[in-house]
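For reference, the structure is listed below as structure tokens.
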Number of protein chains: 6
Amino acid sequence: MPAPTLEHATPAGDDSLDIAVPSDLPLQVQRALQEDLGAGDLTAALVPADRQCRATIISRESAVICGRPYVDACFTALDPAVRLDWRIAEGEVASPDQVLLEVTGAARALLSCERSALNFLQLLSATATAARAYTALIAGTGCTVLDTRKTIPGLRTAQKYAVRIGGAHNHRMGLYDAILIKENHIIASGGIAAAVDRARQIDPRVTVEVEVECLAELREVIAARADIALLDDFPLELLREAVAINRAAPRPLRLEASGGVSAESVRRIAETGVDFVSIGAITKHIKAIDLSMRFA
Amino acid sequence: MPAPTLEHATPAGDDSLDIAVPSDLPLQVQRALQEDLGAGDLTAALVPADRQCRATIISRESAVICGRPYVDACFTALDPAVRLDWRIAEGEVASPDQVLLEVTGAARALLSCERSALNFLQLLSATATAARAYTALIAGTGCTVLDTRKTIPGLRTAQKYAVRIGGAHNHRMGLYDAILIKENHIIASGGIAAAVDRARQIDPRVTVEVEVECLAELREVIAARADIALLDDFPLELLREAVAINRAAPRPLRLEASGGVSAESVRRIAETGVDFVSIGAITKHIKAIDLSMRFA
Amino acid sequence: MPAPTLEHATPAGDDSLDIAVPSDLPLQVQRALQEDLGAGDLTAALVPADRQCRATIISRESAVICGRPYVDACFTALDPAVRLDWRIAEGEVASPDQVLLEVTGAARALLSCERSALNFLQLLSATATAARAYTALIAGTGCTVLDTRKTIPGLRTAQKYAVRIGGAHNHRMGLYDAILIKENHIIASGGIAAAVDRARQIDPRVTVEVEVECLAELREVIAARADIALLDDFPLELLREAVAINRAAPRPLRLEASGGVSAESVRRIAETGVDFVSIGAITKHIKAIDLSMRFA
Amino acid sequence: MPAPTLEHATPAGDDSLDIAVPSDLPLQVQRALQEDLGAGDLTAALVPADRQCRATIISRESAVICGRPYVDACFTALDPAVRLDWRIAEGEVASPDQVLLEVTGAARALLSCERSALNFLQLLSATATAARAYTALIAGTGCTVLDTRKTIPGLRTAQKYAVRIGGAHNHRMGLYDAILIKENHIIASGGIAAAVDRARQIDPRVTVEVEVECLAELREVIAARADIALLDDFPLELLREAVAINRAAPRPLRLEASGGVSAESVRRIAETGVDFVSIGAITKHIKAIDLSMRFA
Amino acid sequence: MPAPTLEHATPAGDDSLDIAVPSDLPLQVQRALQEDLGAGDLTAALVPADRQCRATIISRESAVICGRPYVDACFTALDPAVRLDWRIAEGEVASPDQVLLEVTGAARALLSCERSALNFLQLLSATATAARAYTALIAGTGCTVLDTRKTIPGLRTAQKYAVRIGGAHNHRMGLYDAILIKENHIIASGGIAAAVDRARQIDPRVTVEVEVECLAELREVIAARADIALLDDFPLELLREAVAINRAAPRPLRLEASGGVSAESVRRIAETGVDFVSIGAITKHIKAIDLSMRFA
Amino acid sequence: MPAPTLEHATPAGDDSLDIAVPSDLPLQVQRALQEDLGAGDLTAALVPADRQCRATIISRESAVICGRPYVDACFTALDPAVRLDWRIAEGEVASPDQVLLEVTGAARALLSCERSALNFLQLLSATATAARAYTALIAGTGCTVLDTRKTIPGLRTAQKYAVRIGGAHNHRMGLYDAILIKENHIIASGGIAAAVDRARQIDPRVTVEVEVECLAELREVIAARADIALLDDFPLELLREAVAINRAAPRPLRLEASGGVSAESVRRIAETGVDFVSIGAITKHIKAIDLSMRFA
């Protein structure tokens, strides 16, 4: 199976920004095809070997479409000469029954890839749609939606890509590219200031974030000059107070709210003035987009 | 990272049957840990190297618990001496706030594994819970819930395992272990009888299933001696007629209903007398179970 | 090394049926080339870098040719511009000294690939030839030749492909796609009926086969409504009786004979009326076809 | 699956010499188990999870037993606590119906591994037996049996190990560790002397061998100071002459005979005085040893 | 080969901080052993299979020792029962002829691992020693030594680990965890302010650094509120001016100097007041530490 | 990422000889790109997607250039349509500020590959340059420079390729393709003659070399008819005596000097008349060549 070229995707309506495709895309596509094709597609033989065909992928519901490079890689793997005419940009919103892609190629290859391609597209569009939904709900507040590490095992880079396509942003990729200090670490270090100091020693360049449970702790975190304070499960009133305390500080840090974030609550949380709201639901829940592939 | 032993899981309340664990479990766990740990867990260093600790994983909502062997593999990979005391059987229903697992080991290892272990457990428990829910809804009808190939790319074996733990059954694993004849194949083969004949030639042992769009086609499929007819998007009335036609046949086949299956409709569909109802929602949607890990 | 496209092969003289190529073909070819080329082909440097050449692969004996997609993948990996003119179809019978393939490309690439390509072709043609030989011996009996899980470790999908190209059929691919109940399982389950019932619970869709040691057990298996009874090492007389018993049953199942099957005995076994005869020799023994590659 | 330790095997009756196990053994075993177990062993669930059992592997025919480390790795992968009591040394000759191994462990693990373990053992014992047979046939002649690169794709290191266990020796492992100059290279280089000179420049340390077609060429090869001359398909008479010519040379090289070597001809070839006889049949043909595993 | 547990290393003389071991350590060790052992260690057979032995690894020169977890993994892979008594902590300075490690185990395993273990230790100690040397040269200046992406292909995580063990810090791991805006990006974006704005849109959390070529550009970068300005190849006088400009700014950023950094110049650069000095030489050059392993 | 074709490189000024590229080149390049690109190149998005550009790679110092096939593979992986115009042959000496390569392609792809390509080129050119330097120092002596197994873990084939490009030659690739008998082996075997005899039994075709510590041992090695004697850390006077002893022998073997070889000493060592001088410094030390990539 020829490996695809790594690309950048330009989300629709955003001509200035592009989103990088993860470098493990080829491996992800290879694994998906192998688990579906196994010892060989028994059914494709019911169609003549030389038959070419045209098919369309249609969205049956409104959704932010995400996953074009994964779909391209699926089809190209089985028919390097396939023609892929996308009718929608990566990150653009599809309407119900909209044709997303017209694909022309060997009928057998198209049948063998159909499910793998759709599985990527329905999953990544689901994540992008969720990211877009939360982003839209807090538009104009100045607050930014972040994802979390609550992802599907093995698909983190793909899901984090979909989050970006959806217009939200990524929290740390893993345990290696930022430090989030929690209660255990504070106790083990002998206090917030000590924990932040040690974190700076561990890595003077990565973001240091501290989870706080009350406003007193927040004040300590501000004094310790962390980069971000994570306010977990704070009621709105306390969030507002936290924002006020932070703004009054000589050196304010950034505030992230998390916990109990729902479509109902997210805007109120954002309007408290926090910088970030992080939402596990974007990547841990999947409401797969309803797609179908129709053969002409 | 030491690779785990492949096991069989005994779902709760079912002392006679065991579910085989997929042979790619070690690779799945290795990938999940690598994507989270990357160049190394920066944060764990905030806890002393020799600290042992005890933690519990708690379910915050009611759910069929699934994924114990994956969780075991995560923790064992980073602390081979970890002690894992499960308080719930694989496939058993947890109540809200129930302790699922008590884990004792090196504090750093536990912190480094926490997210990977929870990500497997919340995902697979979600799938098992969905499978159990649909299965419960049609209890007593004699109809069997099946999954589909609409799965998370790269995690098919794990999700199909969760489906079995949830008490539903697996449709084909991929394109290689059964033949499902659709409209395109029928046209290409010159009719249903010809298509079934060719499928038998392709493989005389695998199940041959034919998707039909009307009762006339069903009659042809029965006559052609396929194993299963797939009735896609049939209204209830037609499903009942299909069952009657099939029962009256000298050599009845098995009937599978699919399409538009929801929690509301599934029992009525099952009560029509079809043998199987296949439901993409079980694996393509994920409503991650809400879990937390607490350190004592 | 560019990865090849997965194809279907049309065996010679059979214009209606095609055989799916295993999805792990690219990995198999990559491994074969790596084990032969290692740190680099020292010898190819004796030929000028820009030399093009033409070579032919010739069969020195009569054989069913199998492995074209593997050979194509070998040559294409080292010279993407190579021209491959096959003079024989996949599955067609070659005569001694027949030219199978004319290949034109970079001389060094052809020399570097020669052995890997021939190793695949001589192995897979051997398996296909064995499959064809047994199939031919029982032509007209209505009995079908099956392979077994007695395969070369790591090459199961390739060998099972060769079996299909040879005109025989595949028994289960592995322990995951069918259930074969043996004596141990029967004892553990408390009898044949109980074992079959449990197998149906384990998976209601996969084929359930039971190995029997006498006619009394066969009657139990028929009563238990298994799909297939495996008659292992039955003398001809008992096979005939088994067929008669099964035909007289209200719901006959399919009968598979195995054990002690040789070129001498296979037709007599098939003529007893059993549905399948499974033969480990097809895949566990290799009588490599004698091939040579000649440079023009 | 825990990976096995790499070992050296001491062939029976040879207390001074040990054979190194290939470093890719763990990967080979992992692949074999994965292709057989796939999404999980459906059948093992018919046996209670806590059942321990004892089984023996028995050889049904006389054979040089080879593959113990591979068998150990198979069983240990699924039951790290398995007890393996070998009753025969690696490389020792088994009699028909001899117990080779007594294995005690989890019944399910033993059932799940049985076929993979036997597949390795029957294959590698076949190769070792063939190697031993040819070696025995020329005992006392001073000639050494060599294998070739005509191996099963992907299993070269395992087969070359079996050859050594069988008492024969390995020709080059691949294209990277020796230079074999054939007709094409000679033409391209402008003669034998030039070709050998260039080979020495390519690598001054690896063995340089030249295939010759007549005695005149042999003389050139001797003059060019190659290490070995390969006499392909030489009749016995010419082989004897070649030996004489070489012995008379001021600086004799070593002579290797190949082509048309059979059990009938090998001793006469060896008795001509050549140093090596290389035999593709040892690794390209497989006459799998008949083994069975019996559960107590 | 059993995979090692991932650990944290506590550099000598620093009881409060630990360095995380990269999660790809097991794969790195597996590859190193495979490339050295190939089809099997021919030489180890010269030593009896049951011989145990004791050996020491000795440093022949003064060096910061780094790579203990890699060495442990090498030995444990071939002899799980090996005893490893380190006489020096990870990150501690060895004197010439100091015993670093006493290892007791199977003689063959020790001989087979010797070179792989030493290759890791001499490489990683070289990198740690270089990092320590530069760090020591600027001690007390408040400036921090950083590495770069100029690493050995495939060994980035291991080298970045050695840098941390040596007491320096890591610049970004790759192109995915920070943004470094260079001249091309500035031109393409239409100016520094526009480039920084776009970078913030791309990812609001990662560090944004801008390479500047003159003080005017530095002022723009400060105004654009980037996180770091990279002063490449600035003479000392200009570096001092840059520091003054930055300190006078209402919102100073951090300054990184790079280019032309040598042991001679590094302290003068650090004394200008820049926050970071990044040095490609730490990872791109390797002055392997002279080690030997002696068998008792 | 499309995998590159394996090639042979023709070192400059040497039109008769070509060097084989290692077969693991595609995997090495894939790993290098993955470790640098990770979840995606964040920075490339600052450049428009459709921008093409031209860039040059320039050597800032004099060096033997090596690594062209690796560089080609890096660029082609991200832009299959890239145009690569090399201005220097593999193995040719570059002058300071010489343009080595002009590359034209997608600006983003070029930026994303830049570091990986340069990292290969600076490393392999360093190794080739070191090899060439030692080779040049002993020109005309008839002695050959060899590398050792002291290589960068995981990059052995690439470094051994660079050694050949630099004009030196490879010692054994690993423990599997030659036998080097050291003190331990001699003791275990009961003397030099016994050790050589056993080595010949282990493998009658591979080179057998014996490390000696004095002239008495050398005489034993000559008598035992090993292929090479390794004279480790012999002073010049003793080396000369060793050469004389060997030349006087009825069947001289080849002599290899090692230990304490430096640029200062190498010629004097070579002039003693030894056949080989092996130098760990060539591969274990890396003095990366100073390269830069400039965008037009």
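Ordering of the structure tokens sets the chain letters (A, B, ...), residue numbers begin anew at 1 in every chain, and ligands are numbered from 1 in the order given.
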
Polymer residues at most 9 Å from Ala158 in chain F, only C-alpha atoms, same-chain spacing of 6 or more positions, as a ChimeraX atom specification: /C:39 /F:21-22,24-25,28,67,124

Next, write the just-selected residues to a file, as a PDB file, in the first residue's frame, keeping C-alpha atoms as the atom set.
ATOM      1  CA  ALA C  39      23.365  -3.983   4.743  1.00  0.00           C
TER       2      ALA C  39
ATOM      3  CA  VAL F  21      22.805   1.301   0.086  1.00  0.00           C
ATOM      4  CA  PRO F  22      21.535  -0.502   3.220  1.00  0.00           C
ATOM      5  CA  ASP F  24      16.929  -0.415   6.131  1.00  0.00           C
ATOM      6  CA  LEU F  25      17.339   3.070   4.670  1.00  0.00           C
ATOM      7  CA  GLN F  28      15.730   4.950   9.116  1.00  0.00           C
ATOM      8  CA  GLY F  67      24.216  10.506   2.572  1.00  0.00           C
ATOM      9  CA  LEU F 124      27.202  10.424   7.406  1.00  0.00           C
TER      10      LEU F 124
END

After a least-squares superposition on chain E over all sequentially paired C-alpha atoms, what is chain D as a short mmCIF file (atom, residue, chain, number, x, y, z; two decimals) with C-alpha atoms, in the first residue's frame?
data_model
loop_
_atom_site.label_atom_id
_atom_site.label_comp_id
_atom_site.auth_asym_id
_atom_site.auth_seq_id
_atom_site.Cartn_x
_atom_site.Cartn_y
_atom_site.Cartn_z
CA MET D 1 13.93 -10.18 24.68
CA PRO D 2 12.06 -8.97 27.76
CA ALA D 3 11.34 -5.28 27.56
CA PRO D 4 12.61 -3.10 30.39
CA THR D 5 10.51 -1.00 32.69
CA LEU D 6 10.57 2.70 32.03
CA GLU D 7 12.25 4.55 34.82
CA HIS D 8 13.30 7.90 36.01
CA ALA D 9 16.94 8.57 36.64
CA THR D 10 18.18 10.61 39.57
CA PRO D 11 21.30 12.47 38.49
CA ALA D 12 24.06 12.35 41.02
CA GLY D 13 24.31 15.13 43.51
CA ASP D 14 20.83 16.24 42.82
CA ASP D 15 18.53 14.53 45.21
CA SER D 16 15.50 16.57 44.41
CA LEU D 17 15.18 16.11 40.68
CA ASP D 18 14.67 13.14 38.46
CA ILE D 19 14.86 12.77 34.74
CA ALA D 20 12.26 10.77 32.83
CA VAL D 21 13.45 7.99 30.59
CA PRO D 22 12.08 8.11 27.02
CA SER D 23 9.25 5.71 26.27
CA ASP D 24 10.99 4.42 23.16
CA LEU D 25 13.92 3.04 25.17
CA PRO D 26 12.78 -0.59 24.74
CA LEU D 27 12.60 -0.21 20.97
CA GLN D 28 16.00 1.45 20.80
CA VAL D 29 17.60 -1.37 22.77
CA GLN D 30 15.85 -4.04 20.70
CA ARG D 31 17.14 -2.46 17.47
CA ALA D 32 20.68 -2.18 18.77
CA LEU D 33 20.77 -5.81 19.84
CA GLN D 34 19.26 -6.99 16.58
CA GLU D 35 21.77 -5.16 14.43
CA ASP D 36 24.65 -6.68 16.37
CA LEU D 37 23.33 -10.21 16.92
CA GLY D 38 21.64 -10.75 13.54
CA ALA D 39 21.32 -14.45 12.80
CA GLY D 40 23.03 -15.26 16.10
CA ASP D 41 26.27 -14.63 17.97
CA LEU D 42 28.72 -17.09 16.42
CA THR D 43 31.46 -16.45 18.92
CA ALA D 44 29.66 -16.97 22.19
CA ALA D 45 29.59 -20.69 21.54
CA LEU D 46 33.30 -20.78 22.36
CA VAL D 47 32.32 -20.34 26.00
CA PRO D 48 30.46 -23.12 27.85
CA ALA D 49 26.70 -22.63 28.04
CA ASP D 50 26.53 -22.90 31.80
CA ARG D 51 29.43 -20.60 32.61
CA GLN D 52 28.55 -17.68 34.85
CA CYS D 53 30.91 -14.78 35.03
CA ARG D 54 31.54 -11.41 36.51
CA ALA D 55 32.61 -8.42 34.50
CA THR D 56 33.14 -4.75 35.12
CA ILE D 57 32.63 -1.74 32.93
CA ILE D 58 35.38 0.80 33.48
CA SER D 59 35.67 4.36 32.30
CA ARG D 60 39.09 5.15 30.96
CA GLU D 61 38.54 8.86 31.11
CA SER D 62 36.69 11.43 33.15
CA ALA D 63 33.07 11.68 32.06
CA VAL D 64 29.50 12.31 33.13
CA ILE D 65 28.04 8.82 33.05
CA CYS D 66 24.69 8.52 31.29
CA GLY D 67 22.74 5.59 29.90
CA ARG D 68 22.29 3.26 32.86
CA PRO D 69 18.69 2.34 31.92
CA TYR D 70 19.81 1.52 28.38
CA VAL D 71 22.66 -0.65 29.65
CA ASP D 72 20.33 -2.40 32.09
CA ALA D 73 17.91 -3.11 29.29
CA CYS D 74 20.65 -4.59 27.09
CA PHE D 75 21.88 -7.04 29.71
CA THR D 76 18.44 -7.97 30.99
CA ALA D 77 17.26 -8.70 27.46
CA LEU D 78 19.72 -11.57 27.10
CA ASP D 79 19.91 -12.72 30.71
CA PRO D 80 16.80 -11.84 32.74
CA ALA D 81 18.59 -13.09 35.86
CA VAL D 82 21.65 -10.88 35.44
CA ARG D 83 22.81 -8.92 38.52
CA LEU D 84 23.73 -5.32 37.86
CA ASP D 85 25.59 -3.46 40.59
CA TRP D 86 26.15 0.09 39.54
CA ARG D 87 28.97 1.86 41.34
CA ILE D 88 28.04 5.25 40.02
CA ALA D 89 24.81 7.21 39.78
CA GLU D 90 23.30 8.32 36.51
CA GLY D 91 24.78 11.74 35.82
CA GLU D 92 27.67 11.36 38.25
CA VAL D 93 31.20 12.15 37.09
CA ALA D 94 33.48 9.13 36.70
CA SER D 95 37.22 9.38 37.15
CA PRO D 96 39.62 7.63 34.79
CA ASP D 97 39.79 3.88 35.51
CA GLN D 98 36.78 4.01 37.77
CA VAL D 99 34.61 0.91 37.90
CA LEU D 100 31.14 1.96 36.80
CA LEU D 101 29.27 -1.30 36.86
CA GLU D 102 29.81 -4.80 38.09
CA VAL D 103 27.68 -7.26 36.18
CA THR D 104 27.28 -10.93 37.04
CA GLY D 105 25.46 -13.39 34.84
CA ALA D 106 25.66 -15.92 32.05
CA ALA D 107 29.01 -15.52 30.33
CA ARG D 108 27.54 -15.88 26.87
CA ALA D 109 24.86 -13.28 27.47
CA LEU D 110 27.44 -10.83 28.79
CA LEU D 111 29.67 -11.35 25.78
CA SER D 112 26.76 -10.98 23.39
CA CYS D 113 25.59 -7.73 24.99
CA GLU D 114 28.92 -6.13 25.70
CA ARG D 115 29.22 -4.03 22.55
CA SER D 116 25.58 -2.85 22.46
CA ALA D 117 25.69 -1.82 26.10
CA LEU D 118 28.99 0.01 25.66
CA ASN D 119 27.80 1.71 22.50
CA PHE D 120 24.84 3.23 24.34
CA LEU D 121 26.93 4.17 27.35
CA GLN D 122 29.78 5.78 25.40
CA LEU D 123 27.35 7.76 23.25
CA LEU D 124 25.00 9.00 25.95
CA SER D 125 27.81 9.73 28.36
CA ALA D 126 29.45 11.75 25.61
CA THR D 127 26.35 13.84 25.18
CA ALA D 128 25.82 14.25 28.91
CA THR D 129 29.46 15.21 29.35
CA ALA D 130 29.21 17.84 26.66
CA ALA D 131 26.04 19.21 28.21
CA ARG D 132 27.67 19.31 31.64
CA ALA D 133 30.79 21.01 30.28
CA TYR D 134 28.87 23.86 28.74
CA THR D 135 26.64 24.13 31.79
CA ALA D 136 29.68 24.35 34.06
CA LEU D 137 31.27 26.99 31.91
CA ILE D 138 28.40 29.36 32.47
CA ALA D 139 27.68 28.48 36.08
CA GLY D 140 26.46 31.41 38.07
CA THR D 141 25.49 33.52 35.10
CA GLY D 142 21.80 32.73 35.32
CA CYS D 143 21.88 31.64 31.70
CA THR D 144 20.61 28.20 30.74
CA VAL D 145 22.19 25.86 28.18
CA LEU D 146 19.75 24.40 25.63
CA ASP D 147 20.18 21.69 23.04
CA THR D 148 18.83 21.85 19.47
CA ARG D 149 17.19 19.59 16.89
CA LYS D 150 20.65 18.83 15.46
CA THR D 151 20.61 15.25 16.71
CA ILE D 152 21.55 11.78 15.54
CA PRO D 153 18.66 10.57 13.33
CA GLY D 154 16.44 8.16 15.25
CA LEU D 155 18.05 8.83 18.65
CA ARG D 156 16.56 12.19 19.50
CA THR D 157 14.74 11.16 22.65
CA ALA D 158 17.81 9.32 23.97
CA GLN D 159 20.09 12.27 23.30
CA LYS D 160 17.64 14.78 24.77
CA TYR D 161 17.53 12.55 27.86
CA ALA D 162 21.32 12.66 28.05
CA VAL D 163 21.24 16.44 27.77
CA ARG D 164 18.95 16.60 30.79
CA ILE D 165 21.13 14.16 32.70
CA GLY D 166 24.06 16.42 31.89
CA GLY D 167 22.26 19.31 33.52
CA ALA D 168 21.36 21.28 30.43
CA HIS D 169 17.81 21.65 29.17
CA ASN D 170 15.91 20.73 26.08
CA HIS D 171 14.82 23.10 23.38
CA ARG D 172 11.74 21.86 21.53
CA MET D 173 11.62 18.11 20.84
CA GLY D 174 10.56 18.60 17.26
CA LEU D 175 8.53 20.69 14.88
CA TYR D 176 5.35 19.85 16.75
CA ASP D 177 5.87 21.31 20.24
CA ALA D 178 6.98 24.88 19.68
CA ILE D 179 7.02 27.47 16.94
CA LEU D 180 10.23 29.06 15.77
CA ILE D 181 9.57 31.84 13.27
CA LYS D 182 12.40 32.46 10.82
CA GLU D 183 12.98 34.92 8.02
CA ASN D 184 10.96 32.98 5.48
CA HIS D 185 7.95 32.88 7.73
CA ILE D 186 8.18 36.58 8.43
CA ILE D 187 8.26 37.44 4.75
CA ALA D 188 5.42 35.05 3.98
CA SER D 189 3.32 36.48 6.79
CA GLY D 190 3.97 40.09 5.94
CA GLY D 191 6.01 41.08 8.95
CA ILE D 192 6.91 40.04 12.47
CA ALA D 193 3.72 41.14 14.17
CA ALA D 194 1.59 39.31 11.65
CA ALA D 195 3.72 36.20 11.94
CA VAL D 196 3.47 36.13 15.72
CA ASP D 197 -0.26 36.69 15.55
CA ARG D 198 -0.67 33.79 13.19
CA ALA D 199 1.51 31.60 15.36
CA ARG D 200 -0.70 32.37 18.34
CA GLN D 201 -3.71 31.41 16.26
CA ILE D 202 -2.06 28.16 15.23
CA ASP D 203 -1.50 27.23 18.83
CA PRO D 204 -2.23 29.56 21.75
CA ARG D 205 -0.29 27.47 24.23
CA VAL D 206 3.05 26.55 22.68
CA THR D 207 6.07 28.76 22.99
CA VAL D 208 6.50 31.20 20.10
CA GLU D 209 10.04 32.18 19.32
CA VAL D 210 11.26 34.52 16.62
CA GLU D 211 14.71 34.58 15.07
CA VAL D 212 15.95 38.13 14.63
CA GLU D 213 18.82 39.55 12.65
CA CYS D 214 19.11 43.01 14.12
CA LEU D 215 17.98 45.09 17.05
CA ALA D 216 15.19 46.70 15.06
CA GLU D 217 13.68 43.31 14.55
CA LEU D 218 14.13 42.52 18.22
CA ARG D 219 12.06 45.55 19.07
CA GLU D 220 9.32 44.35 16.77
CA VAL D 221 9.39 40.92 18.37
CA ILE D 222 9.09 42.43 21.83
CA ALA D 223 6.20 44.55 20.65
CA ALA D 224 4.56 41.49 19.12
CA ARG D 225 4.71 39.76 22.50
CA ALA D 226 6.48 36.62 21.37
CA ASP D 227 7.85 34.41 24.15
CA ILE D 228 11.46 34.25 23.07
CA ALA D 229 13.70 36.07 20.63
CA LEU D 230 16.48 34.05 19.04
CA LEU D 231 19.57 36.15 18.47
CA ASP D 232 21.53 34.19 15.92
CA ASP D 233 25.20 34.95 15.44
CA PHE D 234 25.03 38.29 17.25
CA PRO D 235 28.38 39.73 18.34
CA LEU D 236 28.76 40.20 22.09
CA GLU D 237 28.22 43.91 21.89
CA LEU D 238 24.90 43.54 20.15
CA LEU D 239 23.85 40.81 22.56
CA ARG D 240 24.41 43.21 25.43
CA GLU D 241 22.39 45.87 23.70
CA ALA D 242 19.62 43.38 23.04
CA VAL D 243 19.50 42.48 26.72
CA ALA D 244 19.29 46.13 27.63
CA ILE D 245 16.51 46.83 25.16
CA ASN D 246 14.56 43.87 26.41
CA ARG D 247 14.95 44.74 30.06
CA ALA D 248 13.69 48.22 29.34
CA ALA D 249 10.60 46.90 27.65
CA PRO D 250 7.27 47.02 29.49
CA ARG D 251 6.86 43.31 28.86
CA PRO D 252 10.25 41.73 28.37
CA LEU D 253 10.52 38.39 26.70
CA ARG D 254 13.30 35.84 27.02
CA LEU D 255 16.41 35.97 24.87
CA GLU D 256 18.22 33.04 23.35
CA ALA D 257 21.64 33.32 21.77
CA SER D 258 22.88 30.81 19.25
CA GLY D 259 25.51 30.45 16.58
CA GLY D 260 29.25 30.36 16.96
CA VAL D 261 29.02 29.10 20.50
CA SER D 262 32.22 27.38 21.59
CA ALA D 263 33.82 26.47 24.88
CA GLU D 264 35.79 29.69 24.56
CA SER D 265 32.89 31.97 23.81
CA VAL D 266 30.03 30.50 25.79
CA ARG D 267 30.70 32.26 29.08
CA ARG D 268 31.05 35.66 27.50
CA ILE D 269 27.80 35.07 25.67
CA ALA D 270 26.08 33.99 28.87
CA GLU D 271 27.41 36.99 30.73
CA THR D 272 25.66 39.35 28.34
CA GLY D 273 22.51 38.53 30.25
CA VAL D 274 20.70 36.36 27.70
CA ASP D 275 18.42 33.76 29.22
CA PHE D 276 19.39 30.85 27.02
CA VAL D 277 22.29 29.79 24.90
CA SER D 278 21.50 26.95 22.50
CA ILE D 279 24.33 24.76 21.29
CA GLY D 280 24.03 22.29 18.42
CA ALA D 281 27.44 20.86 19.24
CA ILE D 282 26.09 19.10 22.33
CA THR D 283 24.13 16.59 20.30
CA LYS D 284 25.49 16.70 16.78
CA HIS D 285 29.09 16.05 17.72
CA ILE D 286 29.92 12.87 19.61
CA LYS D 287 33.20 12.40 21.40
CA ALA D 288 32.50 8.87 22.60
CA ILE D 289 33.66 8.19 26.13
CA ASP D 290 36.41 5.59 26.31
CA LEU D 291 35.02 2.60 28.16
CA SER D 292 36.04 -0.99 28.48
CA MET D 293 34.47 -4.11 29.82
CA ARG D 294 36.75 -6.50 31.68
CA PHE D 295 35.92 -10.07 32.47
CA ALA D 296 37.08 -11.36 35.83
#

All alpha helix (DSSP H) residues (DSSP, backbone) inside range 149-258 of chain B, as number ranges by chain: B: 156-165, 183-189, 192-202, 215-223, 236-248

Picked from range 48-288 of chain B by DSSP as strand (DSSP E or B), as an MDAnalysis selection string: chainID B and resid 52:59 63:64 83:86 93:94 98:106 144:146 169 179:181 208:212 228:232 254:258 276:278 286
